[in-house]
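Colleague: Before I ask anything, let me first share the structure, which is written out below as structure tokens.
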Amino acid sequence: MSFSECSLTVFDRAIKDYHKTDNVDTPIANPYKEKSIESWLYLKNWIDTVQWHLEDIIRDPQIDPVKALAIKRRIDRSNQERTDLVELIDSYFLDKFKDTKTLPGATINTESPAWAVDRLSILALKIFHMKIEAERTDVPDEQKKRCQDKLNVLLEQKKDLSQAIDMLLDDMAAGRKYMKVYKQMKMYNDPTLNPVLYGQNGSK
């Protein structure tokens with residue numbers, strides 16, 4: 001099984017597990033061995049899935065402003081967790097290819113493997129939800145067709161992205177590609193770098 005196939009299998013399981021309750025407060029029950037790549041992929045997609053639904057909830061025009069702010073804060077934390085996990089998955093690839101000899105003329109990719117896998121996780125969610133929309137029976141046929149057309153594009157995108165990820169990993173294994181990881185340098189969460197935060201602390 002290729003890495004993309006493995007990832008999609010894990011993502012599909014996480015999405016289905018979440019939708020057993022379809023509740024953003026459902027505790028995660030990761031079925032994979034702790035610290036395995038599968039467990040990290042499952043956690044990655046679980047975070048994405050919960051955030052997907054938080055983004056839906058916060059767009060309710062009738063939402064209480066206090067509740068909306070609490071959800072916005074939760075989404076901010078989720079984004080940080082997501083970024084941390086992507087870096088953790090990249091550490092897996094760094095370790096996997098640490099002894100690979102880089103060939104002369106090897107090139108670097110525009111994004112690390114884990115960030116490509118991040119896009120695959122989001123894509124799996126888009127496909128799951130667009131399929132639901134395409135199969136609705138309470139909407140006009142025109143809307144269902146539009147959703148089916150979008151679903152077809154998403155499925156093609158999944159095929160292309162999966163192939164690209166596997167080709168990248170094959171190239172890295174052969175030394176034709178190499179990776180670098182640039183750690184996150186987000187400023188808005190840092191009380192010493194966000195002017196609003198350090199201004200409040202009297203350090204301005």
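In the structure tokens, chains take letters A, B, ... by order of appearance, with residues numbered from 1 within each chain and ligands from 1 in the order shown.
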Mind the document's chain letters and residue numbers, and return as a PyMOL selection string the residues of segment 83-158 of chain A that DSSP labels helix (DSSP H, G or I).

Modeller: chain A and resi 83-96+113-134+141-158

Colleague: Selected residues, N, CA and C atoms, written as a short mmCIF file (atom, residue, chain, number, x, y, z; two decimals), in the first residue's frame, please.

Modeller:
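Just written: again24.cif:
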```cif
data_model
loop_
_atom_site.label_atom_id
_atom_site.label_comp_id
_atom_site.auth_asym_id
_atom_site.auth_seq_id
_atom_site.Cartn_x
_atom_site.Cartn_y
_atom_site.Cartn_z
N THR A 83 -0.80 22.78 12.93
CA THR A 83 0.55 23.11 12.47
C THR A 83 1.59 22.29 13.22
N ASP A 84 1.43 22.16 14.53
CA ASP A 84 2.36 21.35 15.32
C ASP A 84 2.40 19.92 14.83
N LEU A 85 1.22 19.39 14.48
CA LEU A 85 1.14 18.00 14.06
C LEU A 85 1.76 17.81 12.67
N VAL A 86 1.58 18.77 11.80
CA VAL A 86 2.23 18.70 10.48
C VAL A 86 3.74 18.62 10.66
N GLU A 87 4.28 19.42 11.57
CA GLU A 87 5.71 19.39 11.81
C GLU A 87 6.14 18.05 12.41
N LEU A 88 5.28 17.47 13.22
CA LEU A 88 5.58 16.16 13.79
C LEU A 88 5.62 15.10 12.69
N ILE A 89 4.68 15.16 11.77
CA ILE A 89 4.67 14.21 10.65
C ILE A 89 5.89 14.42 9.76
N ASP A 90 6.29 15.67 9.57
CA ASP A 90 7.51 15.92 8.79
C ASP A 90 8.74 15.35 9.49
N SER A 91 8.73 15.34 10.82
CA SER A 91 9.87 14.74 11.54
C SER A 91 9.96 13.25 11.25
N TYR A 92 8.80 12.62 11.03
CA TYR A 92 8.79 11.21 10.64
C TYR A 92 9.52 11.02 9.31
N PHE A 93 9.23 11.89 8.34
CA PHE A 93 9.87 11.78 7.04
C PHE A 93 11.36 12.12 7.13
N LEU A 94 11.71 13.11 7.93
CA LEU A 94 13.13 13.44 8.10
C LEU A 94 13.89 12.24 8.63
N ASP A 95 13.32 11.55 9.60
CA ASP A 95 13.97 10.37 10.16
C ASP A 95 14.01 9.23 9.15
N LYS A 96 12.93 9.08 8.40
CA LYS A 96 12.84 7.99 7.42
C LYS A 96 13.91 8.10 6.34
N PRO A 113 6.60 17.02 2.59
CA PRO A 113 5.61 15.94 2.44
C PRO A 113 4.41 16.10 3.36
N ALA A 114 4.64 16.51 4.60
CA ALA A 114 3.54 16.59 5.56
C ALA A 114 2.53 17.67 5.19
N TRP A 115 2.99 18.76 4.59
CA TRP A 115 2.03 19.78 4.19
C TRP A 115 1.21 19.31 3.00
N ALA A 116 1.79 18.46 2.15
CA ALA A 116 1.00 17.86 1.08
C ALA A 116 -0.03 16.90 1.66
N VAL A 117 0.36 16.15 2.69
CA VAL A 117 -0.56 15.24 3.36
C VAL A 117 -1.66 16.02 4.06
N ASP A 118 -1.32 17.18 4.58
CA ASP A 118 -2.32 18.07 5.18
C ASP A 118 -3.40 18.41 4.16
N ARG A 119 -3.00 18.72 2.96
CA ARG A 119 -3.99 19.03 1.91
C ARG A 119 -4.82 17.82 1.56
N LEU A 120 -4.21 16.63 1.62
CA LEU A 120 -4.95 15.41 1.34
C LEU A 120 -6.00 15.14 2.41
N SER A 121 -5.68 15.47 3.65
CA SER A 121 -6.64 15.31 4.75
C SER A 121 -7.85 16.21 4.54
N ILE A 122 -7.62 17.45 4.18
CA ILE A 122 -8.72 18.39 3.93
C ILE A 122 -9.53 17.93 2.71
N LEU A 123 -8.84 17.42 1.73
CA LEU A 123 -9.52 16.94 0.52
C LEU A 123 -10.45 15.77 0.84
N ALA A 124 -10.01 14.88 1.72
CA ALA A 124 -10.86 13.76 2.12
C ALA A 124 -12.14 14.26 2.77
N LEU A 125 -12.02 15.31 3.56
CA LEU A 125 -13.20 15.92 4.20
C LEU A 125 -14.12 16.55 3.16
N LYS A 126 -13.55 17.26 2.21
CA LYS A 126 -14.36 17.88 1.16
C LYS A 126 -15.15 16.83 0.39
N ILE A 127 -14.49 15.73 0.08
CA ILE A 127 -15.16 14.67 -0.68
C ILE A 127 -16.29 14.06 0.13
N PHE A 128 -16.04 13.81 1.41
CA PHE A 128 -17.08 13.22 2.27
C PHE A 128 -18.33 14.11 2.30
N HIS A 129 -18.13 15.39 2.50
CA HIS A 129 -19.26 16.30 2.64
C HIS A 129 -19.91 16.64 1.31
N MET A 130 -19.11 16.73 0.25
CA MET A 130 -19.71 17.01 -1.06
C MET A 130 -20.54 15.83 -1.53
N LYS A 131 -20.13 14.62 -1.19
CA LYS A 131 -20.91 13.43 -1.54
C LYS A 131 -22.29 13.48 -0.87
N ILE A 132 -22.32 13.92 0.38
CA ILE A 132 -23.60 14.07 1.08
C ILE A 132 -24.48 15.07 0.35
N GLU A 133 -23.90 16.19 -0.05
CA GLU A 133 -24.68 17.22 -0.75
C GLU A 133 -25.19 16.71 -2.10
N ALA A 134 -24.37 15.92 -2.78
CA ALA A 134 -24.76 15.42 -4.10
C ALA A 134 -25.88 14.38 -4.01
N ASP A 141 -32.81 19.32 -8.54
CA ASP A 141 -31.86 18.51 -9.30
C ASP A 141 -30.67 19.33 -9.78
N GLU A 142 -30.90 20.60 -10.09
CA GLU A 142 -29.80 21.46 -10.55
C GLU A 142 -28.72 21.57 -9.48
N GLN A 143 -29.14 21.73 -8.24
CA GLN A 143 -28.17 21.84 -7.15
C GLN A 143 -27.42 20.53 -6.98
N LYS A 144 -28.14 19.42 -7.05
CA LYS A 144 -27.50 18.12 -6.92
C LYS A 144 -26.47 17.91 -8.03
N LYS A 145 -26.80 18.36 -9.24
CA LYS A 145 -25.86 18.20 -10.35
C LYS A 145 -24.62 19.04 -10.14
N ARG A 146 -24.80 20.26 -9.65
CA ARG A 146 -23.64 21.13 -9.38
C ARG A 146 -22.72 20.46 -8.36
N CYS A 147 -23.34 19.87 -7.34
CA CYS A 147 -22.54 19.21 -6.31
C CYS A 147 -21.84 17.97 -6.85
N GLN A 148 -22.53 17.23 -7.71
CA GLN A 148 -21.92 16.05 -8.31
C GLN A 148 -20.75 16.45 -9.20
N ASP A 149 -20.90 17.54 -9.94
CA ASP A 149 -19.80 18.04 -10.79
C ASP A 149 -18.61 18.42 -9.92
N LYS A 150 -18.87 19.08 -8.80
CA LYS A 150 -17.78 19.45 -7.89
C LYS A 150 -17.13 18.21 -7.28
N LEU A 151 -17.97 17.23 -6.95
CA LEU A 151 -17.45 15.98 -6.38
C LEU A 151 -16.52 15.29 -7.37
N ASN A 152 -16.90 15.29 -8.64
CA ASN A 152 -16.05 14.66 -9.67
C ASN A 152 -14.69 15.34 -9.75
N VAL A 153 -14.69 16.67 -9.63
CA VAL A 153 -13.42 17.40 -9.65
C VAL A 153 -12.59 17.06 -8.41
N LEU A 154 -13.23 16.99 -7.26
CA LEU A 154 -12.52 16.66 -6.02
C LEU A 154 -11.91 15.26 -6.09
N LEU A 155 -12.63 14.32 -6.67
CA LEU A 155 -12.11 12.96 -6.81
C LEU A 155 -10.91 12.91 -7.74
N GLU A 156 -10.96 13.71 -8.80
CA GLU A 156 -9.81 13.79 -9.70
C GLU A 156 -8.62 14.43 -8.99
N GLN A 157 -8.92 15.45 -8.20
CA GLN A 157 -7.87 16.12 -7.43
C GLN A 157 -7.23 15.15 -6.44
N LYS A 158 -8.05 14.31 -5.82
CA LYS A 158 -7.52 13.31 -4.89
C LYS A 158 -6.55 12.37 -5.59
#
```

Colleague: So that I can check the surroundings of segment 18-29 of chain A, please list as a PyMOL selection string every protein, DNA and RNA residue that reaches within 10 Å of it, counting only C-alpha atoms and ignoring chain neighbours fewer than 5 positions away.

Modeller: chain A and resi 12-13+42-43+45-47+49-54+57

Colleague: Which residues in chain A does DSSP call strand (DSSP E)? List them as an NGL selection string.

Modeller: :A and (107-108 or 177-178)

Colleague: Quick one: pull the distance between atom CA of Gln80 of chain A and atom CA of Val10 of chain A, Å, one decimal.

Modeller: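 Separation of atom CA of Gln80 of chain A and atom CA of Val10 of chain A: 21.5 Å.
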
Colleague: For Ile37 of chain A, which of A:Ile63, A:Ala68, A:Cys6, A:Ala173 is the closest residue, counting only C-alpha atoms?

Modeller: A:Cys6

Colleague: Between A:Phe11, A:Lys67, A:Asp166, A:Asp60, which is the closest to Trp40 of chain A once you count only C-alpha atoms?

Modeller: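 Smallest distance to Trp40 of chain A is found for A:Phe11.
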
Colleague: Can you work out which one of A:Thr100, A:Ile58, A:Lys33, A:Asn109 has the shortest atom-to-atom distance to Met167 of chain A, counting only C-alpha atoms?

Modeller: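 Residue with the minimum atom-to-atom distance to Met167 of chain A: A:Asn109.
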
Colleague: Please indicate the distance in Å from atom CA of Ile108 of chain A to atom CA of Met179 of chain A, rounded to one decimal place.

Modeller: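 Separating atom CA of Ile108 of chain A from atom CA of Met179 of chain A is a distance of 5.9 Å.
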
Colleague: For Ser4 of chain A, which residue out of A:Glu34, A:Glu135, A:Asp160, A:Asp190 is the nearest one, using only C-alpha atoms?

Modeller: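 The answer is A:Asp160, which sits nearest to Ser4 of chain A.
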